[in-house]
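Participant: So here's final-v4.txt (compact mmCIF, C-alpha atoms).
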```txt
# COMPACT_ATOMS: atom_id res chain seq x y z
CA MET A 9 34.75 121.42 -12.20
CA PRO A 10 35.58 123.69 -9.29
CA THR A 11 38.17 122.98 -6.63
CA ARG A 12 38.70 124.39 -3.17
CA PRO A 13 42.18 125.91 -3.47
CA ARG A 14 42.52 126.77 0.21
CA ARG A 15 42.92 123.08 1.08
CA LEU A 16 45.94 122.54 -1.16
CA GLN A 17 49.58 122.90 -0.22
CA PRO A 18 50.56 126.52 0.31
CA ARG A 19 53.36 126.93 -2.24
CA LEU A 20 54.92 125.41 -5.29
CA GLY A 21 58.55 126.12 -6.13
CA GLY A 22 58.54 128.92 -3.54
CA ARG A 23 56.63 131.26 -5.85
CA LEU A 24 53.65 129.76 -7.67
CA ARG A 25 50.76 128.73 -5.47
CA PRO A 26 49.13 125.47 -6.59
CA ALA A 27 45.80 126.95 -5.50
CA HIS A 28 46.15 129.63 -8.17
CA LEU A 29 47.43 127.15 -10.74
CA LEU A 30 44.53 124.73 -10.26
CA ARG A 31 41.95 127.51 -10.15
CA THR A 32 43.19 128.98 -13.43
CA VAL A 33 43.21 125.59 -15.12
CA ASP A 34 39.81 124.79 -13.63
CA LEU A 35 38.20 127.99 -14.91
CA ALA A 36 39.62 127.42 -18.39
CA GLY A 37 38.12 123.94 -18.49
CA THR A 38 34.81 125.26 -17.17
CA ALA A 39 34.60 127.82 -19.97
CA LEU A 40 35.44 125.28 -22.68
CA PHE A 41 32.90 122.71 -21.46
CA ALA A 42 30.22 125.40 -21.07
CA LEU A 43 30.70 126.38 -24.72
CA GLN A 44 30.53 122.75 -25.81
CA GLY A 45 27.41 122.08 -23.77
CA GLY A 46 25.73 125.23 -25.01
CA LEU A 47 26.44 124.33 -28.63
CA THR A 48 24.96 120.87 -28.16
CA ALA A 49 21.84 122.32 -26.56
CA ALA A 50 21.37 124.95 -29.26
CA ALA A 51 21.85 122.35 -32.00
CA VAL A 52 18.84 120.33 -30.75
CA GLY A 53 16.62 123.42 -30.59
CA LEU A 54 16.50 124.35 -26.88
CA ASP A 55 15.48 127.87 -25.95
CA VAL A 56 17.74 130.43 -24.28
CA PHE A 57 17.06 129.13 -20.78
CA GLY A 58 17.65 125.55 -21.89
CA VAL A 59 20.98 126.44 -23.48
CA LEU A 60 22.15 128.18 -20.32
CA VAL A 61 21.09 125.26 -18.11
CA ILE A 62 22.82 122.67 -20.29
CA ALA A 63 25.96 124.83 -20.50
CA PHE A 64 25.99 125.08 -16.70
CA VAL A 65 25.52 121.38 -15.95
CA THR A 66 28.04 120.36 -18.62
CA ALA A 67 30.63 122.69 -17.14
CA VAL A 68 30.23 121.94 -13.43
CA GLY A 69 28.30 118.65 -13.18
CA GLY A 70 31.40 116.46 -13.02
CA GLY A 71 32.94 118.57 -10.28
CA ILE A 72 29.76 118.47 -8.22
CA ILE A 73 29.64 114.67 -8.43
CA ARG A 74 33.32 114.45 -7.50
CA ASP A 75 32.97 116.73 -4.49
CA LEU A 76 29.96 114.81 -3.20
CA LEU A 77 31.88 111.54 -3.50
CA LEU A 78 34.81 113.10 -1.64
CA GLY A 79 32.49 114.34 1.10
CA ASP A 80 33.62 117.87 0.28
CA THR A 81 30.36 119.73 0.80
CA PRO A 82 28.88 122.02 -0.21
CA PRO A 83 30.43 121.44 -3.67
CA ALA A 84 32.98 124.08 -4.52
CA VAL A 85 30.90 125.51 -7.36
CA PHE A 86 28.55 126.89 -4.70
CA CYS A 87 31.41 128.47 -2.76
CA ASP A 88 33.15 130.44 -5.50
CA LEU A 89 31.08 132.76 -7.69
CA ALA A 90 33.67 132.64 -10.48
CA TYR A 91 32.56 129.14 -11.51
CA PRO A 92 28.84 129.71 -12.12
CA ILE A 93 29.65 133.04 -13.77
CA THR A 94 32.13 131.33 -16.10
CA ALA A 95 29.68 128.53 -16.90
CA PHE A 96 26.79 130.86 -17.66
CA ALA A 97 29.09 133.16 -19.62
CA GLY A 98 30.01 130.23 -21.88
CA GLY A 99 26.32 129.57 -22.46
CA ALA A 100 25.69 133.25 -23.11
CA VAL A 101 28.39 133.30 -25.79
CA VAL A 102 26.52 130.52 -27.59
CA VAL A 103 23.19 132.36 -27.24
CA LEU A 104 24.54 135.64 -28.55
CA LEU A 105 26.98 134.36 -31.17
CA TYR A 106 25.52 130.99 -32.13
CA THR A 107 25.83 131.40 -35.89
CA THR A 108 29.48 132.35 -35.50
CA VAL A 109 30.37 129.68 -32.93
CA ARG A 110 28.40 127.02 -34.82
CA ASP A 111 30.55 127.52 -37.89
CA VAL A 112 33.82 126.94 -36.04
CA PRO A 113 35.49 124.02 -37.88
CA ARG A 114 35.36 120.56 -36.31
CA ASP A 115 39.15 120.48 -36.48
CA VAL A 116 39.14 123.33 -33.96
CA LEU A 117 36.32 122.12 -31.71
CA ILE A 118 37.71 118.63 -31.17
CA PRO A 119 41.10 119.80 -29.82
CA LEU A 120 39.30 122.32 -27.57
CA ASP A 121 37.04 119.58 -26.24
CA ALA A 122 40.06 117.33 -25.68
CA ALA A 123 41.79 120.15 -23.81
CA ALA A 124 38.77 120.69 -21.55
CA LEU A 125 38.55 116.96 -20.87
CA ALA A 126 42.23 116.89 -19.97
CA LEU A 127 42.00 119.91 -17.69
CA PHE A 128 39.07 118.49 -15.77
CA ALA A 129 40.59 115.02 -15.48
CA VAL A 130 43.96 116.12 -14.11
CA VAL A 131 42.52 118.72 -11.72
CA GLY A 132 39.98 116.19 -10.44
CA ALA A 133 42.70 113.61 -9.83
CA ALA A 134 44.87 116.22 -8.11
CA LYS A 135 42.06 117.21 -5.78
CA ALA A 136 41.41 113.58 -4.89
CA ILE A 137 45.10 113.06 -4.06
CA ASP A 138 45.02 116.21 -1.94
CA HIS A 139 42.17 114.53 -0.04
CA ARG A 140 44.44 111.52 0.57
CA MET A 141 42.70 109.16 -1.81
CA SER A 142 44.61 106.23 -3.29
CA PRO A 143 45.94 106.69 -6.86
CA LEU A 144 43.31 104.27 -8.21
CA LEU A 145 40.39 106.10 -6.62
CA ALA A 146 41.92 109.46 -7.54
CA ALA A 147 42.14 108.37 -11.18
CA LEU A 148 38.50 107.29 -11.12
CA LEU A 149 37.39 110.57 -9.56
CA GLY A 150 39.44 112.48 -12.11
CA THR A 151 37.59 110.59 -14.84
CA VAL A 152 34.25 111.42 -13.23
CA SER A 153 35.29 115.08 -13.17
CA GLY A 154 36.06 114.94 -16.88
CA VAL A 155 33.03 113.07 -18.18
CA GLY A 156 30.36 113.62 -15.50
CA GLY A 157 29.03 116.88 -16.91
CA GLY A 158 28.74 115.39 -20.39
CA VAL A 159 26.85 112.39 -19.04
CA ILE A 160 24.34 114.68 -17.29
CA ARG A 161 24.00 116.74 -20.49
CA ASP A 162 23.26 113.70 -22.63
CA VAL A 163 20.74 112.30 -20.14
CA LEU A 164 18.91 115.64 -19.96
CA LEU A 165 18.82 115.76 -23.77
CA GLY A 166 17.31 112.28 -23.89
CA GLY A 167 20.24 110.33 -25.32
CA VAL A 168 22.61 107.55 -24.30
CA PRO A 169 25.72 109.29 -22.91
CA LEU A 170 28.36 109.67 -25.61
CA VAL A 171 31.10 108.33 -23.34
CA LEU A 172 29.32 104.96 -23.16
CA ARG A 173 29.02 104.38 -26.89
CA SER A 174 31.50 106.34 -28.97
CA ASP A 175 35.19 107.13 -29.24
CA VAL A 176 37.98 106.72 -26.71
CA TYR A 177 36.73 109.50 -24.46
CA ALA A 178 36.40 108.29 -20.88
CA VAL A 179 39.46 106.07 -21.42
CA ALA A 180 41.51 109.11 -22.42
CA ALA A 181 40.39 110.92 -19.26
CA LEU A 182 41.21 107.87 -17.15
CA ALA A 183 44.71 107.62 -18.65
CA GLY A 184 45.54 111.27 -17.95
CA ALA A 185 44.00 111.16 -14.48
CA GLY A 186 45.95 107.98 -13.72
CA VAL A 187 49.25 109.56 -14.72
CA THR A 188 48.44 112.58 -12.57
CA ALA A 189 47.38 110.53 -9.55
CA VAL A 190 50.46 108.28 -9.60
CA GLY A 191 52.83 111.19 -10.16
CA LEU A 192 51.41 113.24 -7.31
CA ARG A 193 51.23 110.24 -5.02
CA TYR A 194 54.97 109.75 -5.43
CA ARG A 195 55.67 113.46 -5.06
CA ALA A 196 56.82 114.28 -8.56
CA PRO A 197 56.86 118.03 -9.37
CA ARG A 198 53.25 119.17 -9.42
CA VAL A 199 53.30 121.36 -12.53
CA LEU A 200 55.15 118.69 -14.50
CA VAL A 201 52.70 115.98 -13.42
CA LEU A 202 49.64 118.06 -14.29
CA ALA A 203 51.10 118.93 -17.67
CA LEU A 204 52.04 115.33 -18.42
CA GLY A 205 48.60 114.04 -17.44
CA ALA A 206 46.92 116.63 -19.64
CA VAL A 207 49.17 115.77 -22.59
CA VAL A 208 48.38 112.06 -22.25
CA THR A 209 44.64 112.74 -22.33
CA VAL A 210 44.81 115.17 -25.26
CA VAL A 211 47.09 112.98 -27.37
CA LEU A 212 45.08 109.81 -26.76
CA ARG A 213 41.80 111.57 -27.51
CA LEU A 214 43.05 113.22 -30.71
CA VAL A 215 44.71 110.08 -32.02
CA ALA A 216 41.51 108.14 -31.32
CA VAL A 217 39.47 110.62 -33.35
CA TRP A 218 42.07 110.69 -36.14
CA GLN A 219 42.28 106.91 -36.39
CA GLY A 220 38.60 106.26 -35.68
CA TRP A 221 39.35 104.18 -32.61
CA ASN A 222 36.49 102.78 -30.52
CA LEU A 223 36.42 100.23 -27.76
CA PRO A 224 35.18 96.76 -28.80
CA ARG A 225 31.44 96.23 -28.65
CA VAL A 226 29.78 93.17 -27.18
CA ALA A 227 28.79 90.89 -30.07
CA GLY A 228 25.09 90.18 -30.60
```
Please re-express this file's structure in structure tokens.
Facilitator:
Amino acid sequence: MPTRPRRLQPRLGGRLRPAHLLRTVDLAGTALFALQGGLTAAAVGLDVFGVLVIAFVTAVGGGIIRDLLLGDTPPAVFCDLAYPITAFAGGAVVVLLYTTVRDVPRDVLIPLDAAALALFAVVGAAKAIDHRMSPLLAALLGTVSGVGGGVIRDVLLGGVPLVLRSDVYAVAALAGAGVTAVGLRYRAPRVLVLALGAVVTVVLRLVAVWQGWNLPRVAG
């Protein structure tokens, strides 16, 4: 879910550049989502090319949608080689080490997926605020950043997107993105706001899985 760091404020705390902070967080989320997408593709029997494609779209699809909605074109993934390399590298790890990665316990994969969701949601909301969007729209765009790649993955694999039918997933992304958007809008310390937004998403997602929470379904 790439960002264009050069458009952000030049410094944070006099030493740490927010461009570098967001890029590092962004690349970490890209790698985690690429692994998750590649595992899903391999599990349904796609070939090597299919696994790499699904890993790529899972990792960067949400960011592409967000950038197009912001009018920030071409999308940042096409302007920074690190993002496609990271996405394809995540898919390559699945291709080369599938039997090892497949056996990673669910108790490890779920927190990693929650972390990737959180990273994408807060960075997406931060970018929207940097583009002078309102907190509400920034929260929505942060959510799109977090879940957009997964929606594309599920559609390509011929299923109803997971975020529309199971678990508190998109809601967790929306909560973290909302905290981030409001905090940045009112000029709270950037690192603190990003961390708090990520924590909200991770905690809500993990508690939902632990407790088996789902949103109510329409009767009949």
Participant: Skip Ile137 in chain A itself and residues of its chain fewer than 3 positions away, then list as number ranges by chain all residues within 12 Å of it, counting only C-alpha atoms.
Facilitator: A: 15-17, 78, 130-134, 140-150, 185-195, 198
Participant: Just the number, please: distance in Å from CA of Gly37 in chain A to CA of Val211 in chain A, one decimal.
Facilitator: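 Straight-line distance from CA of Gly37 in chain A to CA of Val211 in chain A works out to 16.7 Å.
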Participant: Which residues are close to range 167-182 of chain A, i.e. within 6 Å by only C-alpha atoms, leaving aside same-chain residues fewer than 5 positions away? Reply as a ChimeraX atom specification.
Facilitator: /A:129,151,159,162,209,212-213,216,222
Participant: Could you work out how far CA of Ala100 in chain A lies from CA of Ala122 in chain A, giving the answer in Å with one decimal?
Facilitator: 21.6 Å
Participant: Which polymer residues have any atom within 8 Å of an atom of Ile62 in chain A, counting only C-alpha atoms, with same-chain residues fewer than 6 positions away left out, as a ChimeraX atom specification?
Facilitator: /A:42,45-46,49,161
Participant: Write a file of the just-selected residues containing C-alpha atoms, as an mmCIF file, in the frame of the given file.
Facilitator:
```cif
data_model
loop_
_atom_site.group_PDB
_atom_site.id
_atom_site.type_symbol
_atom_site.label_atom_id
_atom_site.label_comp_id
_atom_site.auth_asym_id
_atom_site.auth_seq_id
_atom_site.Cartn_x
_atom_site.Cartn_y
_atom_site.Cartn_z
ATOM 1 C CA ALA A 42 30.220 125.400 -21.070
ATOM 2 C CA GLY A 45 27.410 122.080 -23.770
ATOM 3 C CA GLY A 46 25.730 125.230 -25.010
ATOM 4 C CA ALA A 49 21.840 122.320 -26.560
ATOM 5 C CA ARG A 161 24.000 116.740 -20.490
#
```
Participant: Report as a short mmCIF file (atom, residue, chain, number, x, y, z; two decimals) with C-alpha atoms, in the coordinates of the input all protein, DNA and RNA residues lying within 12 Å of Asp115 in chain A, evaluated on all atoms listed in the file, omitting residues in the same chain fewer than 4 positions from it.
Facilitator:
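Output contents, as saved in selection.cif:
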```
data_model
loop_
_atom_site.label_atom_id
_atom_site.label_comp_id
_atom_site.auth_asym_id
_atom_site.auth_seq_id
_atom_site.Cartn_x
_atom_site.Cartn_y
_atom_site.Cartn_z
CA ASP A 111 30.55 127.52 -37.89
CA PRO A 119 41.10 119.80 -29.82
CA LEU A 120 39.30 122.32 -27.57
CA ASP A 121 37.04 119.58 -26.24
CA ALA A 122 40.06 117.33 -25.68
CA LEU A 214 43.05 113.22 -30.71
CA VAL A 217 39.47 110.62 -33.35
CA TRP A 218 42.07 110.69 -36.14
#
```
Participant: From the options A:Val226, A:Gly99, A:Gln44, A:Ala36, which residue's atoms come nearest to Ile118 in chain A, counting only C-alpha atoms?
Facilitator: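 Among the listed residues, the smallest separation from Ile118 in chain A belongs to A:Gln44.
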Participant: Restore N, CA, C and O atoms in range 126-140 of chain A and list the result as a PDB file, in the coordinates of the input.
Facilitator:
```pdb
ATOM      1  N   ALA A 126      40.947 117.084 -20.650  1.00  0.00           N
ATOM      2  CA  ALA A 126      42.230 116.890 -19.970  1.00  0.00           C
ATOM      3  C   ALA A 126      42.330 117.757 -18.716  1.00  0.00           C
ATOM      4  O   ALA A 126      42.769 117.293 -17.655  1.00  0.00           O
ATOM      5  N   LEU A 127      41.922 119.016 -18.830  1.00  0.00           N
ATOM      6  CA  LEU A 127      42.000 119.910 -17.690  1.00  0.00           C
ATOM      7  C   LEU A 127      41.152 119.401 -16.529  1.00  0.00           C
ATOM      8  O   LEU A 127      41.601 119.376 -15.372  1.00  0.00           O
ATOM      9  N   PHE A 128      39.940 118.973 -16.820  1.00  0.00           N
ATOM     10  CA  PHE A 128      39.070 118.490 -15.770  1.00  0.00           C
ATOM     11  C   PHE A 128      39.605 117.201 -15.152  1.00  0.00           C
ATOM     12  O   PHE A 128      39.542 117.008 -13.936  1.00  0.00           O
ATOM     13  N   ALA A 129      40.110 116.305 -15.981  1.00  0.00           N
ATOM     14  CA  ALA A 129      40.590 115.020 -15.480  1.00  0.00           C
ATOM     15  C   ALA A 129      41.781 115.189 -14.550  1.00  0.00           C
ATOM     16  O   ALA A 129      41.826 114.589 -13.465  1.00  0.00           O
ATOM     17  N   VAL A 130      42.754 116.005 -14.941  1.00  0.00           N
ATOM     18  CA  VAL A 130      43.960 116.120 -14.110  1.00  0.00           C
ATOM     19  C   VAL A 130      43.676 116.917 -12.837  1.00  0.00           C
ATOM     20  O   VAL A 130      44.197 116.586 -11.763  1.00  0.00           O
ATOM     21  N   VAL A 131      42.839 117.949 -12.926  1.00  0.00           N
ATOM     22  CA  VAL A 131      42.520 118.720 -11.720  1.00  0.00           C
ATOM     23  C   VAL A 131      41.692 117.874 -10.760  1.00  0.00           C
ATOM     24  O   VAL A 131      41.887 117.912  -9.540  1.00  0.00           O
ATOM     25  N   GLY A 132      40.764 117.074 -11.302  1.00  0.00           N
ATOM     26  CA  GLY A 132      39.980 116.190 -10.440  1.00  0.00           C
ATOM     27  C   GLY A 132      40.837 115.171  -9.732  1.00  0.00           C
ATOM     28  O   GLY A 132      40.659 114.916  -8.527  1.00  0.00           O
ATOM     29  N   ALA A 133      41.791 114.577 -10.453  1.00  0.00           N
ATOM     30  CA  ALA A 133      42.700 113.610  -9.830  1.00  0.00           C
ATOM     31  C   ALA A 133      43.572 114.291  -8.780  1.00  0.00           C
ATOM     32  O   ALA A 133      43.821 113.733  -7.696  1.00  0.00           O
ATOM     33  N   ALA A 134      44.038 115.502  -9.072  1.00  0.00           N
ATOM     34  CA  ALA A 134      44.870 116.220  -8.110  1.00  0.00           C
ATOM     35  C   ALA A 134      44.105 116.529  -6.834  1.00  0.00           C
ATOM     36  O   ALA A 134      44.630 116.386  -5.720  1.00  0.00           O
ATOM     37  N   LYS A 135      42.850 116.918  -6.975  1.00  0.00           N
ATOM     38  CA  LYS A 135      42.060 117.210  -5.780  1.00  0.00           C
ATOM     39  C   LYS A 135      41.854 115.952  -4.952  1.00  0.00           C
ATOM     40  O   LYS A 135      41.910 115.988  -3.716  1.00  0.00           O
ATOM     41  N   ALA A 136      41.603 114.832  -5.624  1.00  0.00           N
ATOM     42  CA  ALA A 136      41.410 113.580  -4.890  1.00  0.00           C
ATOM     43  C   ALA A 136      42.680 113.180  -4.135  1.00  0.00           C
ATOM     44  O   ALA A 136      42.608 112.722  -2.993  1.00  0.00           O
ATOM     45  N   ILE A 137      43.845 113.357  -4.754  1.00  0.00           N
ATOM     46  CA  ILE A 137      45.100 113.060  -4.060  1.00  0.00           C
ATOM     47  C   ILE A 137      45.285 113.995  -2.875  1.00  0.00           C
ATOM     48  O   ILE A 137      45.739 113.580  -1.803  1.00  0.00           O
ATOM     49  N   ASP A 138      44.926 115.258  -3.046  1.00  0.00           N
ATOM     50  CA  ASP A 138      45.020 116.210  -1.940  1.00  0.00           C
ATOM     51  C   ASP A 138      44.103 115.806  -0.783  1.00  0.00           C
ATOM     52  O   ASP A 138      44.340 116.195   0.363  1.00  0.00           O
ATOM     53  N   HIS A 139      43.060 115.039  -1.080  1.00  0.00           N
ATOM     54  CA  HIS A 139      42.170 114.530  -0.040  1.00  0.00           C
ATOM     55  C   HIS A 139      42.593 113.137   0.429  1.00  0.00           C
ATOM     56  O   HIS A 139      41.812 112.401   1.033  1.00  0.00           O
ATOM     57  N   ARG A 140      43.824 112.769   0.090  1.00  0.00           N
ATOM     58  CA  ARG A 140      44.440 111.520   0.570  1.00  0.00           C
ATOM     59  C   ARG A 140      43.750 110.264   0.037  1.00  0.00           C
ATOM     60  O   ARG A 140      43.711 109.233   0.716  1.00  0.00           O
TER      61      ARG A 140
END
```
